[in-house]
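Undergrad: Contents are PDB, C-alpha atoms; file name protein-v8.pdb:
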```
ATOM      1  CA  MET A 773     -14.030  12.314 -17.262
ATOM      2  CA  GLN A 774     -15.525  15.176 -15.277
ATOM      3  CA  GLU A 775     -18.730  15.411 -13.262
ATOM      4  CA  LEU A 776     -19.652  18.426 -11.187
ATOM      5  CA  SER A 777     -22.861  18.989  -9.230
ATOM      6  CA  GLY A 778     -24.121  19.922  -5.799
ATOM      7  CA  ALA A 779     -23.763  16.281  -4.742
ATOM      8  CA  LEU A 780     -20.597  15.120  -6.482
ATOM      9  CA  TYR A 781     -17.260  16.198  -7.911
ATOM     10  CA  ARG A 782     -15.441  13.714 -10.127
ATOM     11  CA  ALA A 783     -12.553  14.365 -12.479
ATOM     12  CA  GLY A 784      -9.189  13.000 -13.583
ATOM     13  CA  SER A 785      -7.956   9.511 -14.396
ATOM     14  CA  GLY A 786      -5.763   6.846 -12.880
ATOM     15  CA  GLU A 787      -5.950   5.340  -9.408
ATOM     16  CA  PRO A 788      -9.350   5.999  -7.784
ATOM     17  CA  VAL A 789      -9.052   8.368  -4.799
ATOM     18  CA  VAL A 790     -12.261   9.039  -2.870
ATOM     19  CA  LEU A 791     -12.393  12.162  -0.698
ATOM     20  CA  ILE A 792     -14.875  12.063   2.218
ATOM     21  CA  HIS A 793     -15.655  15.343   3.970
ATOM     22  CA  GLY A 794     -16.543  15.922   7.607
ATOM     23  CA  PHE A 795     -19.785  16.467   9.516
ATOM     24  CA  THR A 796     -21.910  19.370   8.145
ATOM     25  CA  GLY A 797     -19.511  19.757   5.202
ATOM     26  CA  THR A 798     -19.807  19.132   1.457
ATOM     27  CA  TRP A 799     -17.430  18.042  -1.284
ATOM     28  CA  HIS A 800     -16.440  21.723  -1.573
ATOM     29  CA  HIS A 801     -14.354  21.293   1.590
ATOM     30  CA  TRP A 802     -11.776  19.571  -0.628
ATOM     31  CA  ARG A 803     -11.556  22.487  -3.052
ATOM     32  CA  PRO A 804      -7.977  23.523  -2.068
ATOM     33  CA  VAL A 805      -6.469  20.135  -3.018
ATOM     34  CA  LEU A 806      -8.583  19.175  -6.031
ATOM     35  CA  ALA A 807      -6.506  20.596  -8.872
ATOM     36  CA  GLU A 808      -3.299  18.821  -7.874
ATOM     37  CA  LEU A 809      -4.995  15.528  -7.083
ATOM     38  CA  VAL A 810      -6.984  15.511 -10.327
ATOM     39  CA  ALA A 811      -3.713  15.835 -12.252
ATOM     40  CA  ARG A 812      -2.692  12.428 -10.843
ATOM     41  CA  TYR A 813      -5.797  10.387 -10.005
ATOM     42  CA  ASP A 814      -9.448   9.636 -10.693
ATOM     43  CA  VAL A 815     -10.794  11.858  -7.909
ATOM     44  CA  ILE A 816     -14.283  11.172  -6.557
ATOM     45  CA  ALA A 817     -15.611  13.624  -3.943
ATOM     46  CA  PRO A 818     -19.284  13.046  -3.061
ATOM     47  CA  THR A 819     -21.376  15.083  -0.649
ATOM     48  CA  LEU A 820     -22.574  12.787   2.125
ATOM     49  CA  ALA A 821     -26.258  11.927   2.437
ATOM     50  CA  GLY A 822     -28.198  14.437   4.515
ATOM     51  CA  HIS A 823     -25.631  17.182   3.972
ATOM     52  CA  ASP A 824     -26.107  20.399   1.991
ATOM     53  CA  GLY A 825     -26.670  19.502  -1.666
ATOM     54  CA  GLY A 826     -26.297  15.783  -1.053
ATOM     55  CA  PRO A 827     -28.904  13.023  -1.352
ATOM     56  CA  PRO A 828     -31.376  12.455   1.515
ATOM     57  CA  PHE A 829     -30.170  10.256   4.345
ATOM     58  CA  PRO A 830     -31.981   6.899   3.976
ATOM     59  CA  ALA A 831     -35.018   6.741   6.246
ATOM     60  CA  ASP A 832     -34.411   3.045   6.993
ATOM     61  CA  LEU A 833     -30.990   3.655   8.581
ATOM     62  CA  GLU A 834     -30.111   4.670  12.132
ATOM     63  CA  MET A 835     -27.851   7.659  12.737
ATOM     64  CA  ASN A 836     -24.423   6.202  13.548
ATOM     65  CA  PHE A 837     -21.061   5.448  11.923
ATOM     66  CA  PRO A 838     -21.966   2.004  10.519
ATOM     67  CA  SER A 839     -25.205   3.338   9.016
ATOM     68  CA  ALA A 840     -23.478   6.392   7.534
ATOM     69  CA  THR A 841     -20.995   3.968   5.986
ATOM     70  CA  ASP A 842     -23.819   1.769   4.666
ATOM     71  CA  SER A 843     -25.293   4.824   2.930
ATOM     72  CA  PHE A 844     -21.934   5.879   1.522
ATOM     73  CA  GLU A 845     -21.154   2.350   0.349
ATOM     74  CA  ARG A 846     -24.440   2.264  -1.595
ATOM     75  CA  HIS A 847     -23.413   5.510  -3.270
ATOM     76  CA  LEU A 848     -20.036   4.033  -4.220
ATOM     77  CA  ASP A 849     -21.837   1.073  -5.785
ATOM     78  CA  GLU A 850     -24.049   3.449  -7.778
ATOM     79  CA  LEU A 851     -20.938   5.261  -8.994
ATOM     80  CA  GLY A 852     -19.290   1.998 -10.035
ATOM     81  CA  VAL A 853     -16.463   2.415  -7.510
ATOM     82  CA  GLY A 854     -15.221  -0.881  -6.088
ATOM     83  CA  THR A 855     -12.058  -0.581  -4.061
ATOM     84  CA  ALA A 856     -10.297   2.768  -3.852
ATOM     85  CA  HIS A 857      -7.873   4.864  -1.863
ATOM     86  CA  PHE A 858      -9.915   6.773   0.716
ATOM     87  CA  VAL A 859      -9.003  10.146   2.179
ATOM     88  CA  GLY A 860     -11.348  11.164   4.980
ATOM     89  CA  ASN A 861     -11.513  14.142   7.320
ATOM     90  CA  SER A 862     -13.287  13.952  10.700
ATOM     91  CA  LEU A 863     -16.578  12.071  10.081
ATOM     92  CA  GLY A 864     -15.149  11.224   6.663
ATOM     93  CA  GLY A 865     -12.117   9.664   8.336
ATOM     94  CA  ALA A 866     -14.372   7.455  10.459
ATOM     95  CA  ILE A 867     -16.281   6.351   7.351
ATOM     96  CA  ALA A 868     -12.997   5.631   5.539
ATOM     97  CA  LEU A 869     -11.864   3.401   8.418
ATOM     98  CA  GLU A 870     -15.235   1.614   8.456
ATOM     99  CA  LEU A 871     -14.862   0.993   4.716
ATOM    100  CA  ALA A 872     -11.378  -0.389   5.346
ATOM    101  CA  LYS A 873     -12.886  -2.910   7.796
ATOM    102  CA  ARG A 874     -15.231  -3.983   4.987
ATOM    103  CA  GLY A 875     -12.417  -4.547   2.495
ATOM    104  CA  ARG A 876     -13.253  -1.577   0.243
ATOM    105  CA  ALA A 877     -10.014   0.368   0.824
ATOM    106  CA  ARG A 878      -6.704   0.024  -0.988
ATOM    107  CA  SER A 879      -5.341   2.516   1.522
ATOM    108  CA  VAL A 880      -6.676   5.141   3.924
ATOM    109  CA  VAL A 881      -5.420   8.615   4.743
ATOM    110  CA  ALA A 882      -7.339   9.600   7.889
ATOM    111  CA  LEU A 883      -7.136  13.335   8.608
ATOM    112  CA  ALA A 884      -8.295  13.934  12.204
ATOM    113  CA  PRO A 885     -10.740  10.997  12.073
ATOM    114  CA  ALA A 886     -13.736  10.887  14.389
ATOM    115  CA  GLY A 887     -14.685   7.868  16.483
ATOM    116  CA  GLY A 888     -11.451   7.405  18.419
ATOM    117  CA  TRP A 889     -13.132   7.813  21.787
ATOM    118  CA  LEU A 890     -14.479   4.959  23.912
ATOM    119  CA  ASP A 891     -18.128   4.244  24.662
ATOM    120  CA  GLY A 892     -19.139   6.257  27.709
ATOM    121  CA  ASP A 893     -16.295   8.743  27.294
ATOM    122  CA  PRO A 894     -17.324  12.211  28.640
ATOM    123  CA  GLU A 895     -15.665  13.614  25.521
ATOM    124  CA  VAL A 896     -18.739  12.532  23.554
ATOM    125  CA  GLU A 897     -20.983  14.879  25.535
ATOM    126  CA  ARG A 898     -18.497  17.723  25.010
ATOM    127  CA  LEU A 899     -18.657  17.110  21.268
ATOM    128  CA  ALA A 900     -22.463  17.045  21.339
ATOM    129  CA  ARG A 901     -22.514  20.396  23.164
ATOM    130  CA  PHE A 902     -19.967  21.833  20.731
ATOM    131  CA  PHE A 903     -21.953  20.825  17.653
ATOM    132  CA  ARG A 904     -25.256  22.040  19.115
ATOM    133  CA  ARG A 905     -23.687  25.450  19.686
ATOM    134  CA  THR A 906     -22.040  25.480  16.254
ATOM    135  CA  ILE A 907     -25.248  24.601  14.405
ATOM    136  CA  ARG A 908     -27.288  27.115  16.395
ATOM    137  CA  LEU A 909     -24.823  29.937  15.704
ATOM    138  CA  ALA A 910     -24.613  29.056  12.003
ATOM    139  CA  ARG A 911     -28.390  29.199  11.656
ATOM    140  CA  MET A 912     -28.746  32.407  13.658
ATOM    141  CA  SER A 913     -26.048  34.225  11.701
ATOM    142  CA  ASN A 914     -26.982  32.935   8.249
ATOM    143  CA  GLY A 915     -28.479  36.276   7.208
ATOM    144  CA  LEU A 916     -25.360  38.187   8.333
ATOM    145  CA  MET A 917     -22.875  35.850   6.679
ATOM    146  CA  GLN A 918     -21.861  38.092   3.779
ATOM    147  CA  ARG A 919     -21.132  41.011   6.089
ATOM    148  CA  VAL A 920     -19.185  38.882   8.600
ATOM    149  CA  MET A 921     -17.073  37.096   5.995
ATOM    150  CA  ARG A 922     -16.210  40.217   3.989
ATOM    151  CA  ARG A 923     -13.071  41.011   6.026
ATOM    152  CA  PRO A 924     -10.137  38.719   6.958
ATOM    153  CA  GLY A 925     -10.280  39.338  10.718
ATOM    154  CA  PRO A 926     -13.918  38.349  11.191
ATOM    155  CA  ARG A 927     -13.389  35.383   8.825
ATOM    156  CA  ARG A 928     -10.595  34.062  11.006
ATOM    157  CA  LEU A 929     -12.740  34.457  14.121
ATOM    158  CA  ALA A 930     -15.800  32.846  12.544
ATOM    159  CA  LEU A 931     -13.818  29.837  11.279
ATOM    160  CA  ARG A 932     -11.457  29.470  14.249
ATOM    161  CA  ASP A 933     -12.840  26.080  15.324
ATOM    162  CA  VAL A 934     -12.331  24.399  11.948
ATOM    163  CA  MET A 935      -9.078  25.981  10.790
ATOM    164  CA  CYS A 936      -6.230  28.163  12.021
ATOM    165  CA  HIS A 937      -6.062  30.576   9.101
ATOM    166  CA  GLY A 938      -9.611  31.433   8.100
ATOM    167  CA  GLU A 939      -8.367  34.855   7.016
ATOM    168  CA  LEU A 940      -6.683  33.159   4.037
ATOM    169  CA  VAL A 941      -9.936  31.628   2.814
ATOM    170  CA  SER A 942     -11.863  33.636   0.243
ATOM    171  CA  ALA A 943     -15.075  35.293   1.403
ATOM    172  CA  THR A 944     -16.997  33.128  -1.080
ATOM    173  CA  ASP A 945     -15.580  29.884   0.298
ATOM    174  CA  ALA A 946     -16.047  31.032   3.908
ATOM    175  CA  ILE A 947     -19.722  31.781   3.262
ATOM    176  CA  ALA A 948     -20.189  28.397   1.578
ATOM    177  CA  ILE A 949     -18.607  26.567   4.541
ATOM    178  CA  SER A 950     -20.836  28.366   7.035
ATOM    179  CA  ARG A 951     -24.023  27.978   4.995
ATOM    180  CA  ALA A 952     -23.394  24.255   4.554
ATOM    181  CA  THR A 953     -23.273  23.940   8.343
ATOM    182  CA  ALA A 954     -26.587  25.784   8.708
ATOM    183  CA  ARG A 955     -28.230  23.665   5.982
ATOM    184  CA  CYS A 956     -27.102  20.205   7.113
ATOM    185  CA  ALA A 957     -30.380  18.291   7.248
ATOM    186  CA  VAL A 958     -29.123  15.480   9.489
ATOM    187  CA  ALA A 959     -27.350  17.727  11.982
ATOM    188  CA  ASP A 960     -29.979  17.657  14.722
ATOM    189  CA  ALA A 961     -30.592  13.910  14.501
ATOM    190  CA  ALA A 962     -26.866  13.148  14.395
ATOM    191  CA  ILE A 963     -26.147  15.341  17.418
ATOM    192  CA  SER A 964     -28.995  13.716  19.351
ATOM    193  CA  SER A 965     -27.622  10.266  18.533
ATOM    194  CA  LEU A 966     -24.125  11.371  19.490
ATOM    195  CA  GLY A 967     -25.371  12.696  22.825
ATOM    196  CA  ALA A 968     -27.195   9.422  23.440
ATOM    197  CA  GLY A 969     -24.023   7.442  22.695
ATOM    198  CA  LYS A 970     -25.545   5.427  19.842
ATOM    199  CA  ALA A 971     -22.614   3.556  18.244
ATOM    200  CA  PHE A 972     -20.591   6.714  17.780
ATOM    201  CA  ALA A 973     -17.284   5.050  18.590
ATOM    202  CA  LEU A 974     -15.386   2.920  16.081
ATOM    203  CA  HIS A 975     -14.903  -0.714  17.054
ATOM    204  CA  GLU A 976     -12.900  -3.711  15.805
ATOM    205  CA  LEU A 977     -10.149  -1.535  14.388
ATOM    206  CA  ASP A 978      -7.892  -4.596  14.407
ATOM    207  CA  ARG A 979      -9.890  -5.900  11.418
ATOM    208  CA  ILE A 980      -8.316  -3.269   9.180
ATOM    209  CA  SER A 981      -5.742  -4.888   6.891
ATOM    210  CA  CYS A 982      -4.989  -2.110   4.392
ATOM    211  CA  PRO A 983      -2.293   0.566   4.889
ATOM    212  CA  VAL A 984      -3.506   3.470   7.056
ATOM    213  CA  LEU A 985      -1.933   6.886   7.557
ATOM    214  CA  LEU A 986      -3.212   8.641  10.679
ATOM    215  CA  ALA A 987      -2.602  12.371  10.187
ATOM    216  CA  THR A 988      -3.199  14.439  13.332
ATOM    217  CA  PRO A 989      -3.414  18.244  13.047
ATOM    218  CA  GLN A 990      -1.259  19.907  15.697
ATOM    219  CA  LEU A 991      -3.847  22.586  16.545
ATOM    220  CA  ASP A 992      -7.139  20.703  16.227
ATOM    221  CA  ARG A 993      -9.752  22.370  18.463
ATOM    222  CA  ILE A 994     -12.545  19.908  17.690
ATOM    223  CA  LEU A 995     -10.798  16.510  17.995
ATOM    224  CA  PRO A 996      -7.547  17.278  19.857
ATOM    225  CA  GLY A 997      -4.960  14.681  18.952
ATOM    226  CA  GLU A 998      -3.870  13.903  22.499
ATOM    227  CA  HIS A 999      -7.348  12.566  23.264
ATOM    228  CA  HIS A1000      -8.569  11.291  19.906
ATOM    229  CA  ALA A1001      -5.526   9.707  18.239
ATOM    230  CA  PRO A1002      -4.197   7.196  20.848
ATOM    231  CA  ARG A1003      -6.780   4.445  20.190
ATOM    232  CA  PHE A1004      -6.113   4.585  16.469
ATOM    233  CA  ARG A1005      -2.369   4.351  17.064
ATOM    234  CA  ARG A1006      -2.809   1.374  19.412
ATOM    235  CA  GLU A1007      -5.450  -0.635  17.601
ATOM    236  CA  ILE A1008      -5.021  -0.222  13.826
ATOM    237  CA  PRO A1009      -2.462  -2.802  12.639
ATOM    238  CA  GLY A1010       0.581  -1.177  11.059
ATOM    239  CA  VAL A1011      -0.842   2.352  11.231
ATOM    240  CA  GLU A1012       1.578   5.136  10.315
ATOM    241  CA  PRO A1013       1.043   8.182  12.568
ATOM    242  CA  VAL A1014       2.095  11.642  11.422
ATOM    243  CA  SER A1015       1.626  15.119  12.867
ATOM    244  CA  LEU A1016       0.515  18.092  10.756
ATOM    245  CA  PRO A1017       2.203  21.177  12.226
ATOM    246  CA  GLY A1018       0.361  24.479  12.253
ATOM    247  CA  CYS A1019      -2.908  22.905  11.078
ATOM    248  CA  GLY A1020      -6.426  22.892  12.488
ATOM    249  CA  HIS A1021      -9.260  20.400  12.135
ATOM    250  CA  THR A1022      -9.664  20.837   8.349
ATOM    251  CA  PRO A1023      -5.967  20.938   7.438
ATOM    252  CA  MET A1024      -6.453  21.170   3.662
ATOM    253  CA  TRP A1025      -7.368  24.835   4.180
ATOM    254  CA  ASP A1026      -4.475  25.641   6.533
ATOM    255  CA  ASP A1027      -1.624  24.069   4.551
ATOM    256  CA  THR A1028      -2.747  22.847   1.157
ATOM    257  CA  ALA A1029       0.748  21.908  -0.078
ATOM    258  CA  LEU A1030       1.374  19.783   3.006
ATOM    259  CA  ILE A1031      -1.905  17.916   2.659
ATOM    260  CA  VAL A1032      -1.423  17.298  -1.067
ATOM    261  CA  ARG A1033       2.027  15.885  -0.336
ATOM    262  CA  THR A1034       0.698  13.789   2.548
ATOM    263  CA  ILE A1035      -1.979  12.247   0.315
ATOM    264  CA  THR A1036       0.078  11.709  -2.825
ATOM    265  CA  GLU A1037       3.105  10.187  -1.098
ATOM    266  CA  PHE A1038       0.951   7.664   0.754
ATOM    267  CA  VAL A1039      -1.326   6.794  -2.157
ATOM    268  CA  ASP A1040       1.604   6.385  -4.541
ATOM    269  CA  ARG A1041       3.444   4.125  -2.118
ATOM    270  CA  HIS A1042       0.414   1.872  -2.012
ATOM    271  CA  THR A1043      -0.366   1.835  -5.700
ATOM    272  CA  ASP A1044       0.613  -1.026  -7.970
ATOM    273  CA  PRO A1045       4.416  -0.582  -8.347
ATOM    274  CA  GLU A1046       4.398  -0.830 -12.143
ATOM    275  CA  ALA A1047       1.638   1.774 -12.460
ATOM    276  CA  ALA A1048       3.371   4.077  -9.992
ATOM    277  CA  ALA A1049       6.705   3.763 -11.776
ATOM    278  CA  ALA A1050       5.081   4.454 -15.128
ATOM    279  CA  ASN A1051       3.675   7.692 -13.729
ATOM    280  CA  GLY A1052       6.843   8.623 -11.881
ATOM    281  CA  HIS A1053       4.991   8.615  -8.566
ATOM    282  CA  ALA A1054       6.748   5.880  -6.588
ATOM    283  CA  GLN A1055       7.767   6.923  -3.078
ATOM    284  CA  GLU A1056       9.887   5.542  -0.262
ATOM    285  CA  PRO A1057       8.138   4.615   3.011
ATOM    286  CA  LEU A1058       8.005   7.300   5.686
ATOM    287  CA  GLY A1059       8.617   4.812   8.494
ATOM    288  CA  GLY A1060       7.734   5.553  12.124
ATOM    289  CA  GLU A1061       5.951   8.601  13.472
ATOM    290  CA  GLN A1062       6.756  11.697  11.473
ATOM    291  CA  ILE A1063       6.203  15.395  11.679
ATOM    292  CA  LEU A1064       5.449  16.504   8.146
ATOM    293  CA  LYS A1065       7.117  19.766   7.220
ATOM    294  CA  ARG A1066       5.673  22.612   5.247
ATOM    295  CA  ALA A1067       6.817  22.870   1.646
TER     296      ALA A1067
END
```
Write out the structure in this file as structure tokens.

TA:
Amino acid sequence: MQELSGALYRAGSGEPVVLIHGFTGTWHHWRPVLAELVARYDVIAPTLAGHDGGPPFPADLEMNFPSATDSFERHLDELGVGTAHFVGNSLGGAIALELAKRGRARSVVALAPAGGWLDGDPEVERLARFFRRTIRLARMSNGLMQRVMRRPGPRRLALRDVMCHGELVSATDAIAISRATARCAVADAAISSLGAGKAFALHELDRISCPVLLATPQLDRILPGEHHAPRFRREIPGVEPVSLPGCGHTPMWDDTALIVRTITEFVDRHTDPEAAAANGHAQEPLGGEQILKRA
């Protein structure tokens, strides 16, 4: 089975693995890991509502994490996806954890998930300022994007907030990442809600009963681990924390092999043992906090 469009990528067979991108992104943000994951799983990577190429954000929903999850859950129902393994980055990580609270997750790999702050945390206003600046710059420079992204040095500079090694990204992918930011239809409303503190922290994390891997990029400039990971480590029952060395906020671009291994080892450990053994994918538990090494 394969489906490819502006709003959805789906291919492969086996255990369902749903990839959820971050704020202002699209399913294309998962491009580096798709080939290896599709060889093992039924991979479903939708573009979130209100994001470039995705469906409109429902007019009847407020702009917050629970509502974003409501919208995404409707989409899963339309796709015929019941429970699945969820891999989420940033906003996508927050949505994956919300889905886990609702019983939709077989497991969760949360890559730099959002929502780990507390209500009233000054960090929220810093994030609102950061995203306002990011969106404004993306829109202002949209016409210059091809010239800026043509050379490795400017690519690294332009993408420095979201990854450490933007110079390794192709010019085509770099332009697509930047244009998706400029075209995110819900950006302004989401930033306004964030600045107003409207339910943009995750709550009741102790309700999560599925296995969760909390993967914290070492060099995250947007959601630095020392501030954003502690609540998840304290409050999610049985969470397994790992550090991703040398990686920025979107680690699949900085170290693709590491992220593929992080996902597959965790998903396979939490797949039906007979199915995993039949596919030769069974893994031993990591156990305790780990620093995952580059391949």

Undergrad: Need to verify the contact set: Ala943 (chain A), 7 Å, all atoms listed in the file, exclusion of same-chain residues closer than 4 positions in sequence. Can you return it as a list in words?

TA: Met921, Arg922 and Ile947 of chain A

Undergrad: Using all atoms listed in the file, which residue out of A:Gly826, A:Cys956, A:Leu820, A:Leu974 lies closest to Ala910 (chain A)?

TA: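 So, comparing all the options, the nearest one is A:Cys956.
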
Undergrad: Measuring between only C-alpha atoms, which one of A:Ala962, A:Val810, A:Leu851, A:Met835 shows the shortest distance to Phe795 (chain A)?

TA: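 Ranking A:Ala962, A:Val810, A:Leu851, A:Met835 by distance to Phe795 (chain A), first place goes to A:Ala962.
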
Undergrad: Using the chain letters and numbering of this document, enumerate as a short mmCIF file (atom, residue, chain, number, x, y, z; two decimals) with C-alpha atoms, keeping the file's coordinate frame the residues selected by the PyMOL selection byres ((chain A and resi 959) around 9).

TA:
```cif
data_model
loop_
_atom_site.label_atom_id
_atom_site.label_comp_id
_atom_site.auth_asym_id
_atom_site.auth_seq_id
_atom_site.Cartn_x
_atom_site.Cartn_y
_atom_site.Cartn_z
CA PHE A 795 -19.78 16.47 9.52
CA THR A 796 -21.91 19.37 8.14
CA GLY A 822 -28.20 14.44 4.51
CA HIS A 823 -25.63 17.18 3.97
CA PHE A 903 -21.95 20.82 17.65
CA ARG A 904 -25.26 22.04 19.11
CA ILE A 907 -25.25 24.60 14.40
CA THR A 953 -23.27 23.94 8.34
CA ALA A 954 -26.59 25.78 8.71
CA ARG A 955 -28.23 23.66 5.98
CA CYS A 956 -27.10 20.20 7.11
CA ALA A 957 -30.38 18.29 7.25
CA VAL A 958 -29.12 15.48 9.49
CA ASP A 960 -29.98 17.66 14.72
CA ALA A 961 -30.59 13.91 14.50
CA ALA A 962 -26.87 13.15 14.40
CA ILE A 963 -26.15 15.34 17.42
CA SER A 964 -29.00 13.72 19.35
#
```

Undergrad: To one decimal place, how far is CA of Ile792 (chain A) from CA of Pro924 (chain A) in Å?

TA: 27.5 Å

Undergrad: The PyMOL selection byres ((chain A and resi 838) around 9) on the file shown: which residues, as a CSV table (one decimal) with C-alpha atoms, in the coordinates of the input?

TA:
```csv
chain,number,residue,atom,x,y,z
A,834,GLU,CA,-30.1,4.7,12.1
A,835,MET,CA,-27.9,7.7,12.7
A,836,ASN,CA,-24.4,6.2,13.5
A,837,PHE,CA,-21.1,5.4,11.9
A,839,SER,CA,-25.2,3.3,9.0
A,840,ALA,CA,-23.5,6.4,7.5
A,841,THR,CA,-21.0,4.0,6.0
A,842,ASP,CA,-23.8,1.8,4.7
A,843,SER,CA,-25.3,4.8,2.9
A,867,ILE,CA,-16.3,6.4,7.4
A,870,GLU,CA,-15.2,1.6,8.5
A,971,ALA,CA,-22.6,3.6,18.2
A,972,PHE,CA,-20.6,6.7,17.8
A,974,LEU,CA,-15.4,2.9,16.1
```

Undergrad: By how many Å are CA of Arg923 (chain A) and CA of Leu909 (chain A) apart?

TA: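 About the pair CA of Arg923 (chain A) and CA of Leu909 (chain A): they are 18.8 Å apart.
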
Undergrad: Do you know which residues the PyMOL selection byres ((chain A and resi 869) around 12) returns on this file, as a VMD selection string?

TA: chain A and resid 792 837 to 838 841 857 to 868 870 to 888 973 to 986 1004 1007 to 1008 1011

Undergrad: What's around Pro1023 (chain A) at 8 Å? Count all atoms listed in the file, leave out sequence neighbours fewer than 4 positions away in its own chain, and write the answer as a ChimeraX atom specification.

TA: /A:883,935,989,1016,1019,1027-1028,1031

Undergrad: In Å to one decimal, how far is CA of Arg782 (chain A) from CA of Thr819 (chain A)?

TA: 11.3 Å

Undergrad: Compile the contact shell of Leu899 (chain A) as a VMD selection string: residues with an atom at most 9 Å away, counting only C-alpha atoms, same-chain residues fewer than 2 positions apart removed.

TA: chain A and resid 894 to 897 901 to 904 963 966 to 967 994 to 995

Undergrad: Would you please work out which residue, of A:Gly797, A:Gly825, A:Gly1018, A:Gly786, is nearest to Tyr813 (chain A) when using all atoms listed in the file?

TA: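 Closest candidate: A:Gly786.
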
Undergrad: Smallest atom-to-atom distance to Gly1020 (chain A): which of A:Leu791, A:Val1039, A:Gln990, A:Arg1005, using all atoms listed in the file?

TA: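 Result for the nearest residue to Gly1020 (chain A): A:Gln990.
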